[in-house]
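First the structure, in the form of structure tokens, and then the observations on it.
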Amino acid sequence: MKTRYISAIILAGALLTATSCTDQLDQTNETALSEKQVYENMATAEKNVLNIYSSWKENYRDERCWLTLIGTDEIQAGALTALKEQTTTSAAWDWNCGYLNAENPKVQEMWNYRWPVIAKAADAINALEATHPAAGSKGEQLIAELSFIRGFLTLQSTMLWGRVPIEDGSGNYGRRSLKEVWQFIIDNFTEATKAAETNDEGRANKYAGYVMLGKALMSAPQETGLRDYAKAAEAFRTVINSGKYQLDPDYADLFAYDTKKASSEVIMTQTFSNARGYANQVQFQIGSRAAQNWFTDGCYFAGYDHAVPTHYAYSSVSEGGLWEEGDKRRDASIRYDFSYNGVTPDLSTLTWEGLGDDYDELKPHIKKYEDYRTDKNSGLNISNMWLSGKSIPVLRYADVLLSYAECLNELNRTDEANTYVNQVRQRAGVANWTSMTQEQFRTKIMDERMRELFGENWRRFDLIRTGKWEELVTKRNKWCERSVANGSFVKSNMILPIPQTELNQNTQMRKEDGSMDQNEGY
């Protein structure tokens, strides 16, 4: 067998089997069909594509959702996690002090939940291309959707691990240059713009392709020569000029239980429900442990504090933090009050943790994933926050406006850029931006993106593409700041190590001298 992410491919089968049951796809038995037969029949091909979507969605479930939130200036590991539980696993990318290594099981998990999906998408693309689909046909549209998935996960992977392999059918599974990787990402999203004009919820349409094409073009590392703000702006403008999307009048509605309330703004989403096997389970991971101790799992904002806002992310501007007075997004994004049915909890049930001044179970928490349907008082008899089931937005129109504005600023059109930012700020109930320098805009847009997109898995992406990761996490992330103070901060922790299991099994991940091709510093 070719060395093709061997551990990942084993997992791919398990994922596809599980998710085909989980999502109740009405599948025929395809074990007797050849790959050619599967993809010549469009009905069968579409079922396989839906299975690949389901496998991708697993990256948004349970701890896999918050693992990509922490380690930034926006969200960090909770105190018990950081200090007592997992300094050699998930908390390692907050400390940035040498805990992070190639044997880290969470790093391996993150790799193994992405690469099997990339591989399956690539196989499906190759099979569909072999049928020579006509322009505009269902076959071409499915290739476009699969290209979106492959491009999205490859982009995430290069942001997490730097130089990565690319699934292009060449048989080369070694790590590629950043230029090759980013050109591959751009090519995938270019193909994704051929998707259907509209698609079912949870699937990419052509506008999702244009959004991610714009993001790729504005984010490719400068040294690749592929960063192109003019082309990125053109991609975003296609979405804006389509008239298909608009800002939802009420920001809080975006995170309501009924996703249709946000349909005017959400371009791509991952769909979940409260049923066992269909829930995202995120709230269990990131709610308040104090609330759980006092009110049980039947309290909808209870949980286990694995990811919490940084002090900067929950504080007001007057306190040296993020939030301007009157910003409606603040209380929709972050929970400050933990009172429940007239009872206000305290930390008395948590003294065993021995966290000294670091207790954070009653400090502000992420609110966007709370799901009142799970509450014991909701009348729905769910009574367990583990079954949180809100759909999770992947791409929103507000992000398009902010990204387009960022491109305009880089094209020396700062005043025009402000008009697009102000559309987002007007909904939030805060003052319009007025004239500023290009450099001032670059600084202010980072805060505006945090306010608008808090907890939506874009912050690490933004910090790395703008070169702000080291500057901002060392100032705002509590655990990273301590690593700096004690002299143990490791700059190379900006990207994760390639898992040792992958290096051991993939013999193409080698340098010219035969040594393993690991990231610098690991």
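Each chain in the structure tokens gets a letter, A, B and so on, in the order shown; residues start at 1 in every chain, and ligands are counted from 1 in the order they appear.
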Enumerate, in order of chain and increasing residue number, the residues of region 241-347 of chain A with an atom no farther than 7 Å from region 387-393 of chain A, each with its shortest atom pair and distance in Å to one decimal, counting only C-alpha atoms, as CSV.
residue,atom,partner,partner_atom,distance
A:Tyr257,CA,A:Lys390,CA,5.7
A:Thr259,CA,A:Ser391,CA,6.9
A:Val266,CA,A:Pro393,CA,6.5
A:Met268,CA,A:Pro393,CA,6.3
A:Thr269,CA,A:Pro393,CA,4.3
A:Gln270,CA,A:Ile392,CA,5.1
A:Thr271,CA,A:Ser391,CA,4.4
A:Phe272,CA,A:Ser391,CA,5.0
A:Ser273,CA,A:Gly389,CA,4.2
A:Asn274,CA,A:Gly389,CA,4.5
A:Ala275,CA,A:Leu387,CA,6.9
A:Arg276,CA,A:Leu387,CA,6.6
A:Ala279,CA,A:Gly389,CA,4.5
A:Asn280,CA,A:Gly389,CA,5.3
A:Gln281,CA,A:Ser388,CA,5.2
A:Val282,CA,A:Ser388,CA,6.6
A:Gln283,CA,A:Ser388,CA,6.0
| message | List as a list of chain:residue names the protein and nucleic acid residues near Cys65 (chain A), meaning an atom at most 12 Å away when only C-alpha atoms are counted, but skip any in the same chain fewer than 5 places from it. | response | A:Trp56, A:Lys57, A:Glu58, A:Asn59, A:Tyr60, A:Ile70, A:Glu109, A:Met110, A:Tyr113, A:Gln270, A:Asn280, A:Gln281, A:Val282, A:Gln283, A:Phe284, A:Gln285, A:Ile286, A:His306, A:Ala307, A:Tyr369, A:Ile392, A:Val394, A:Gly455, A:Glu456, A:Asn457, A:Trp458
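Minimum atom-to-atom distances from A:Asn381, A:Ser483, A:Thr349, A:Gln156 to Cys97 (chain A) were compared using only C-alpha atoms, and the lowest value belongs to A:Ser483.
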| What's the 12 Å shell around Ser339 (chain A), counting only C-alpha atoms, without same-chain residues fewer than 4 positions away, as JSON, numbers by chain? | {"A": [288, 290, 291, 294, 295, 299, 300, 301, 302, 335, 343, 344, 345, 346, 362]}
For N, CA and C atoms, I'd like the residues from the last selection saved as a PDB file, in the first residue's frame.
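Saved to selection.pdb:
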ATOM      1  N   SER A 288     -19.680  26.268  32.157  1.00  0.00           N
ATOM      2  CA  SER A 288     -19.121  26.548  33.480  1.00  0.00           C
ATOM      3  C   SER A 288     -19.181  25.323  34.393  1.00  0.00           C
ATOM      4  N   ALA A 290     -18.605  25.431  37.564  1.00  0.00           N
ATOM      5  CA  ALA A 290     -19.313  25.842  38.784  1.00  0.00           C
ATOM      6  C   ALA A 290     -20.817  25.666  38.603  1.00  0.00           C
ATOM      7  N   ALA A 291     -21.324  26.028  37.424  1.00  0.00           N
ATOM      8  CA  ALA A 291     -22.750  25.847  37.149  1.00  0.00           C
ATOM      9  C   ALA A 291     -23.104  24.364  37.147  1.00  0.00           C
ATOM     10  N   TRP A 294     -23.256  23.137  40.780  1.00  0.00           N
ATOM     11  CA  TRP A 294     -24.407  23.653  41.520  1.00  0.00           C
ATOM     12  C   TRP A 294     -25.739  23.158  40.946  1.00  0.00           C
ATOM     13  N   PHE A 295     -25.833  23.106  39.633  1.00  0.00           N
ATOM     14  CA  PHE A 295     -27.151  22.920  39.006  1.00  0.00           C
ATOM     15  C   PHE A 295     -27.267  21.646  38.159  1.00  0.00           C
ATOM     16  N   CYS A 299     -28.435  22.122  33.546  1.00  0.00           N
ATOM     17  CA  CYS A 299     -28.316  23.574  33.347  1.00  0.00           C
ATOM     18  C   CYS A 299     -27.665  23.811  31.991  1.00  0.00           C
ATOM     19  N   TYR A 300     -28.322  24.560  31.130  1.00  0.00           N
ATOM     20  CA  TYR A 300     -27.877  24.669  29.744  1.00  0.00           C
ATOM     21  C   TYR A 300     -26.549  25.399  29.560  1.00  0.00           C
ATOM     22  N   PHE A 301     -26.094  26.156  30.564  1.00  0.00           N
ATOM     23  CA  PHE A 301     -24.787  26.817  30.414  1.00  0.00           C
ATOM     24  C   PHE A 301     -23.713  26.166  31.286  1.00  0.00           C
ATOM     25  N   ALA A 302     -23.998  24.980  31.781  1.00  0.00           N
ATOM     26  CA  ALA A 302     -22.995  24.217  32.531  1.00  0.00           C
ATOM     27  C   ALA A 302     -22.006  23.577  31.567  1.00  0.00           C
ATOM     28  N   ARG A 335     -21.006  34.983  28.139  1.00  0.00           N
ATOM     29  CA  ARG A 335     -21.828  34.919  29.356  1.00  0.00           C
ATOM     30  C   ARG A 335     -21.056  35.533  30.521  1.00  0.00           C
ATOM     31  N   VAL A 343     -30.687  31.568  41.925  1.00  0.00           N
ATOM     32  CA  VAL A 343     -29.540  31.146  42.731  1.00  0.00           C
ATOM     33  C   VAL A 343     -28.254  31.574  42.025  1.00  0.00           C
ATOM     34  N   THR A 344     -27.362  32.187  42.788  1.00  0.00           N
ATOM     35  CA  THR A 344     -26.066  32.583  42.244  1.00  0.00           C
ATOM     36  C   THR A 344     -24.989  31.650  42.797  1.00  0.00           C
ATOM     37  N   PRO A 345     -24.325  30.886  41.955  1.00  0.00           N
ATOM     38  CA  PRO A 345     -23.329  29.927  42.445  1.00  0.00           C
ATOM     39  C   PRO A 345     -22.058  30.617  42.920  1.00  0.00           C
ATOM     40  N   ASP A 346     -21.291  29.907  43.723  1.00  0.00           N
ATOM     41  CA  ASP A 346     -19.957  30.382  44.091  1.00  0.00           C
ATOM     42  C   ASP A 346     -18.970  29.246  43.845  1.00  0.00           C
ATOM     43  N   LEU A 362     -16.283  30.937  37.196  1.00  0.00           N
ATOM     44  CA  LEU A 362     -17.341  31.941  37.233  1.00  0.00           C
ATOM     45  C   LEU A 362     -16.909  33.248  36.583  1.00  0.00           C
TER      46      LEU A 362
END
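Straight-line separation from CA of Ala230 (chain A) to CA of Asn409 (chain A): 10.6 Å.
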| request: May I have the residues within 10 Å of Pro105 (chain A) as a PyMOL selection string, using only C-alpha atoms and disregarding those fewer than 4 positions away in the same chain? | output: chain A and resi 88-90+101+109-111+499-501
| Shell of 8 Å around Glu452 (chain A), only C-alpha atoms, local chain residues under 4 positions omitted, as a ChimeraX atom specification | /A:329,398-399,448
Kindly export the residues of the current selection with N, CA, C and O atoms, as a PDB file, in the first residue's frame.
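Everything below was put into selection.pdb:
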ATOM      1  N   ARG A 329     -23.126  42.846  20.341  1.00  0.00           N
ATOM      2  CA  ARG A 329     -22.512  41.536  20.138  1.00  0.00           C
ATOM      3  C   ARG A 329     -21.922  40.975  21.425  1.00  0.00           C
ATOM      4  O   ARG A 329     -21.762  39.759  21.556  1.00  0.00           O
ATOM      5  N   ALA A 398     -21.262  38.777   7.182  1.00  0.00           N
ATOM      6  CA  ALA A 398     -20.514  39.811   7.911  1.00  0.00           C
ATOM      7  C   ALA A 398     -19.017  39.622   7.715  1.00  0.00           C
ATOM      8  O   ALA A 398     -18.265  40.602   7.579  1.00  0.00           O
ATOM      9  N   ASP A 399     -18.557  38.382   7.699  1.00  0.00           N
ATOM     10  CA  ASP A 399     -17.143  38.095   7.454  1.00  0.00           C
ATOM     11  C   ASP A 399     -16.749  38.535   6.051  1.00  0.00           C
ATOM     12  O   ASP A 399     -15.649  39.045   5.825  1.00  0.00           O
ATOM     13  N   GLU A 448     -12.079  44.372  15.408  1.00  0.00           N
ATOM     14  CA  GLU A 448     -13.440  44.287  14.870  1.00  0.00           C
ATOM     15  C   GLU A 448     -13.777  42.859  14.463  1.00  0.00           C
ATOM     16  O   GLU A 448     -14.904  42.386  14.679  1.00  0.00           O
TER      17      GLU A 448
END
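Excluding Asp447 (chain A) and any residue on its chain fewer than 6 positions from it, the residues at most 12 Å away by only C-alpha atoms are A:Asp73, A:Glu74, A:Tyr312, A:Ala313, A:Ser316, A:Val317, A:Gly321, A:Leu322, A:Trp323, A:Glu324, A:Leu402, A:Val421, A:Arg425, A:Gln440, A:Phe441, A:Leu453, A:Phe454, A:Arg459, A:Asp462, A:Leu463, A:Lys468, A:Leu472.
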| field | Distance query Ile464 (chain A) at most 9 Å, only C-alpha atoms, self and fewer than 5 positions along chain excluded, as a list of chain:residue names | value | A:Met159, A:Ser219, A:Arg459, A:Trp469, A:Glu470, A:Met494
| message | Please determine, counting only C-alpha atoms, which residue among A:Lys475, A:Ala485, A:Ala233, A:Asp123 has the shortest atom-to-atom distance to Ala417 (chain A). | response | A:Ala233
Each residue of region 130-205 of chain A lying at most 8 Å from region 503-517 of chain A should get a row with its shortest atom-to-atom pair and the distance in Å to one decimal, counting only C-alpha atoms; could you produce that, ordered by chain and increasing number, as a tab-separated table?
residue	atom	partner	partner_atom	distance
A:Asn172	CA	A:Gln508	CA	7.4
A:Tyr173	CA	A:Gln508	CA	5.9
A:Gly174	CA	A:Met509	CA	4.6
A:Arg175	CA	A:Met509	CA	6.1
Dump of C-alpha atoms for the selected residues, as an mmCIF file, in the first residue's frame:
data_model
loop_
_atom_site.group_PDB
_atom_site.id
_atom_site.type_symbol
_atom_site.label_atom_id
_atom_site.label_comp_id
_atom_site.auth_asym_id
_atom_site.auth_seq_id
_atom_site.Cartn_x
_atom_site.Cartn_y
_atom_site.Cartn_z
ATOM 1 C CA ASN A 172 3.553 12.340 -3.915
ATOM 2 C CA TYR A 173 2.618 12.310 -0.229
ATOM 3 C CA GLY A 174 5.635 14.203 1.014
ATOM 4 C CA ARG A 175 5.393 17.720 2.377
#
| request: Run DSSP on the backbone and give me the residues of region 281-387 of chain A it puts in helix (DSSP H, G or I), as a PyMOL selection string. | output: chain A and resi 282-286+289-295+311-314+317-319+328-333+348-353+356-358+372-374+385-387
Could you please take those selected residues and save N, CA, C and O atoms as a compact mmCIF listing (two decimals), in the first residue's frame?
# COMPACT_ATOMS: atom_id res chain seq x y z
N VAL A 282 -20.66 20.55 22.12
CA VAL A 282 -19.65 21.56 22.42
C VAL A 282 -19.86 22.18 23.79
O VAL A 282 -18.91 22.42 24.53
N GLN A 283 -21.12 22.43 24.16
CA GLN A 283 -21.37 23.10 25.43
C GLN A 283 -20.85 22.31 26.62
O GLN A 283 -20.36 22.89 27.60
N PHE A 284 -20.93 21.01 26.55
CA PHE A 284 -20.38 20.15 27.60
C PHE A 284 -18.92 20.49 27.86
O PHE A 284 -18.44 20.48 29.00
N GLN A 285 -18.19 20.82 26.82
CA GLN A 285 -16.76 21.08 26.91
C GLN A 285 -16.44 22.48 27.42
O GLN A 285 -15.43 22.68 28.10
N ILE A 286 -17.28 23.48 27.09
CA ILE A 286 -16.86 24.87 27.32
C ILE A 286 -17.77 25.64 28.28
O ILE A 286 -17.53 26.83 28.52
N ARG A 289 -18.03 24.93 34.93
CA ARG A 289 -17.95 23.82 35.88
C ARG A 289 -18.67 24.17 37.19
O ARG A 289 -19.28 23.31 37.83
N ALA A 290 -18.60 25.43 37.56
CA ALA A 290 -19.31 25.84 38.78
C ALA A 290 -20.82 25.67 38.60
O ALA A 290 -21.52 25.19 39.51
N ALA A 291 -21.32 26.03 37.42
CA ALA A 291 -22.75 25.85 37.15
C ALA A 291 -23.10 24.36 37.15
O ALA A 291 -24.16 23.96 37.65
N GLN A 292 -22.23 23.53 36.63
CA GLN A 292 -22.49 22.10 36.61
C GLN A 292 -22.54 21.55 38.03
O GLN A 292 -23.42 20.75 38.36
N ASN A 293 -21.60 21.98 38.86
CA ASN A 293 -21.57 21.50 40.24
C ASN A 293 -22.80 21.93 41.03
O ASN A 293 -23.32 21.17 41.84
N TRP A 294 -23.26 23.14 40.78
CA TRP A 294 -24.41 23.65 41.52
C TRP A 294 -25.74 23.16 40.95
O TRP A 294 -26.66 22.85 41.69
N PHE A 295 -25.83 23.11 39.63
CA PHE A 295 -27.15 22.92 39.01
C PHE A 295 -27.27 21.65 38.16
O PHE A 295 -28.31 21.43 37.57
N HIS A 311 -8.90 37.48 29.10
CA HIS A 311 -9.32 38.72 29.78
C HIS A 311 -9.55 39.83 28.77
O HIS A 311 -10.51 40.60 28.88
N TYR A 312 -8.70 39.92 27.77
CA TYR A 312 -8.86 40.95 26.74
C TYR A 312 -10.19 40.77 26.02
O TYR A 312 -10.91 41.75 25.76
N ALA A 313 -10.53 39.53 25.69
CA ALA A 313 -11.72 39.27 24.88
C ALA A 313 -13.01 39.51 25.61
O ALA A 313 -14.05 39.74 24.98
N TYR A 314 -13.01 39.47 26.95
CA TYR A 314 -14.27 39.72 27.65
C TYR A 314 -14.34 41.08 28.32
O TYR A 314 -15.38 41.48 28.84
N VAL A 317 -13.34 48.27 26.60
CA VAL A 317 -12.25 49.15 26.17
C VAL A 317 -11.75 49.97 27.35
O VAL A 317 -10.54 50.18 27.51
N SER A 318 -12.65 50.42 28.21
CA SER A 318 -12.26 51.23 29.36
C SER A 318 -11.37 50.45 30.33
O SER A 318 -10.63 51.03 31.12
N GLU A 319 -11.43 49.12 30.25
CA GLU A 319 -10.59 48.25 31.10
C GLU A 319 -9.37 47.74 30.34
O GLU A 319 -8.67 46.85 30.81
N LYS A 328 -23.87 45.41 20.89
CA LYS A 328 -24.86 44.34 21.10
C LYS A 328 -24.26 42.95 20.98
O LYS A 328 -24.86 41.98 21.46
N ARG A 329 -23.13 42.85 20.34
CA ARG A 329 -22.51 41.54 20.14
C ARG A 329 -21.92 40.97 21.42
O ARG A 329 -21.76 39.76 21.56
N ARG A 330 -21.62 41.84 22.36
CA ARG A 330 -20.95 41.43 23.59
C ARG A 330 -21.78 40.39 24.35
O ARG A 330 -21.30 39.29 24.66
N ASP A 331 -23.02 40.73 24.67
CA ASP A 331 -23.82 39.83 25.49
C ASP A 331 -24.37 38.65 24.70
O ASP A 331 -24.82 37.66 25.29
N ALA A 332 -24.34 38.74 23.38
CA ALA A 332 -24.73 37.59 22.55
C ALA A 332 -23.59 36.58 22.44
O ALA A 332 -23.82 35.41 22.15
N SER A 333 -22.37 37.04 22.70
CA SER A 333 -21.19 36.21 22.50
C SER A 333 -20.63 35.62 23.79
O SER A 333 -20.04 34.54 23.78
N SER A 348 -17.45 27.38 46.06
CA SER A 348 -17.28 26.53 47.24
C SER A 348 -17.17 25.05 46.89
O SER A 348 -16.53 24.28 47.62
N THR A 349 -17.79 24.63 45.81
CA THR A 349 -17.74 23.21 45.45
C THR A 349 -16.47 22.85 44.68
O THR A 349 -16.27 21.67 44.34
N LEU A 350 -15.63 23.85 44.42
CA LEU A 350 -14.46 23.62 43.57
C LEU A 350 -13.14 23.84 44.29
O LEU A 350 -12.08 23.89 43.65
N THR A 351 -13.18 23.97 45.62
CA THR A 351 -11.94 24.26 46.36
C THR A 351 -10.91 23.15 46.19
O THR A 351 -9.70 23.40 46.30
N TRP A 352 -11.36 21.93 45.90
CA TRP A 352 -10.44 20.80 45.72
C TRP A 352 -9.46 21.03 44.57
O TRP A 352 -8.39 20.42 44.53
N GLU A 353 -9.80 21.92 43.65
CA GLU A 353 -8.93 22.15 42.50
C GLU A 353 -7.60 22.81 42.89
O GLU A 353 -6.59 22.62 42.22
N GLY A 356 -5.76 28.53 43.49
CA GLY A 356 -5.32 29.82 44.01
C GLY A 356 -6.09 30.97 43.41
O GLY A 356 -7.31 31.03 43.47
N ASP A 357 -5.36 31.91 42.78
CA ASP A 357 -5.99 33.09 42.17
C ASP A 357 -6.47 32.82 40.75
O ASP A 357 -6.94 33.75 40.07
N ASP A 358 -6.34 31.59 40.28
CA ASP A 358 -6.61 31.31 38.87
C ASP A 358 -7.98 30.70 38.59
O ASP A 358 -8.29 30.39 37.44
N TYR A 372 -30.57 26.35 25.02
CA TYR A 372 -31.56 26.26 26.11
C TYR A 372 -32.45 25.02 25.98
O TYR A 372 -33.01 24.55 26.97
N ARG A 373 -32.55 24.46 24.81
CA ARG A 373 -33.36 23.25 24.64
C ARG A 373 -32.87 22.10 25.53
O ARG A 373 -33.63 21.20 25.86
N THR A 374 -31.58 22.16 25.91
CA THR A 374 -31.02 21.09 26.75
C THR A 374 -31.31 21.29 28.23
O THR A 374 -30.98 20.42 29.04
N MET A 385 -26.71 19.23 29.00
CA MET A 385 -26.03 20.16 28.09
C MET A 385 -25.10 19.44 27.13
O MET A 385 -24.66 20.00 26.13
N TRP A 386 -24.78 18.15 27.38
CA TRP A 386 -23.96 17.37 26.46
C TRP A 386 -24.63 17.24 25.10
O TRP A 386 -23.96 17.07 24.09
N LEU A 387 -25.95 17.40 25.06
CA LEU A 387 -26.70 17.27 23.81
C LEU A 387 -26.95 18.62 23.15
O LEU A 387 -27.90 18.78 22.38
| note | Min atom-atom distance to Pro133 (chain A) from the set A:Asp187, A:Glu197, A:Asp371, A:Glu40, counting only C-alpha atoms, belongs to A:Glu40
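When CA of Arg150 (chain A) is paired with CA of Val117 (chain A), their separation reads 7.6 Å.
Going from CA of Phe152 (chain A) over to CA of Ser177 (chain A), you cover 17.9 Å.
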| field | strand (DSSP E or B) per DSSP on the backbone: members of region 302-430 of chain A, as a ChimeraX atom specification | value | /A:302,307-309,316,323,334-335,340,343,365-366,392-396
Against region 429-434 of chain A, which residues of region 209-272 of chain A fall within 12 Å? For each one I want the closest pair of atoms and the distance in Å (one decimal), counting only C-alpha atoms, rows by chain and increasing residue number, as JSON lines.
{"residue": "A:Pro249", "atom": "CA", "partner": "A:Gly429", "partner_atom": "CA", "distance": 11.0}
{"residue": "A:Asp250", "atom": "CA", "partner": "A:Gly429", "partner_atom": "CA", "distance": 10.5}
{"residue": "A:Tyr251", "atom": "CA", "partner": "A:Gly429", "partner_atom": "CA", "distance": 10.3}
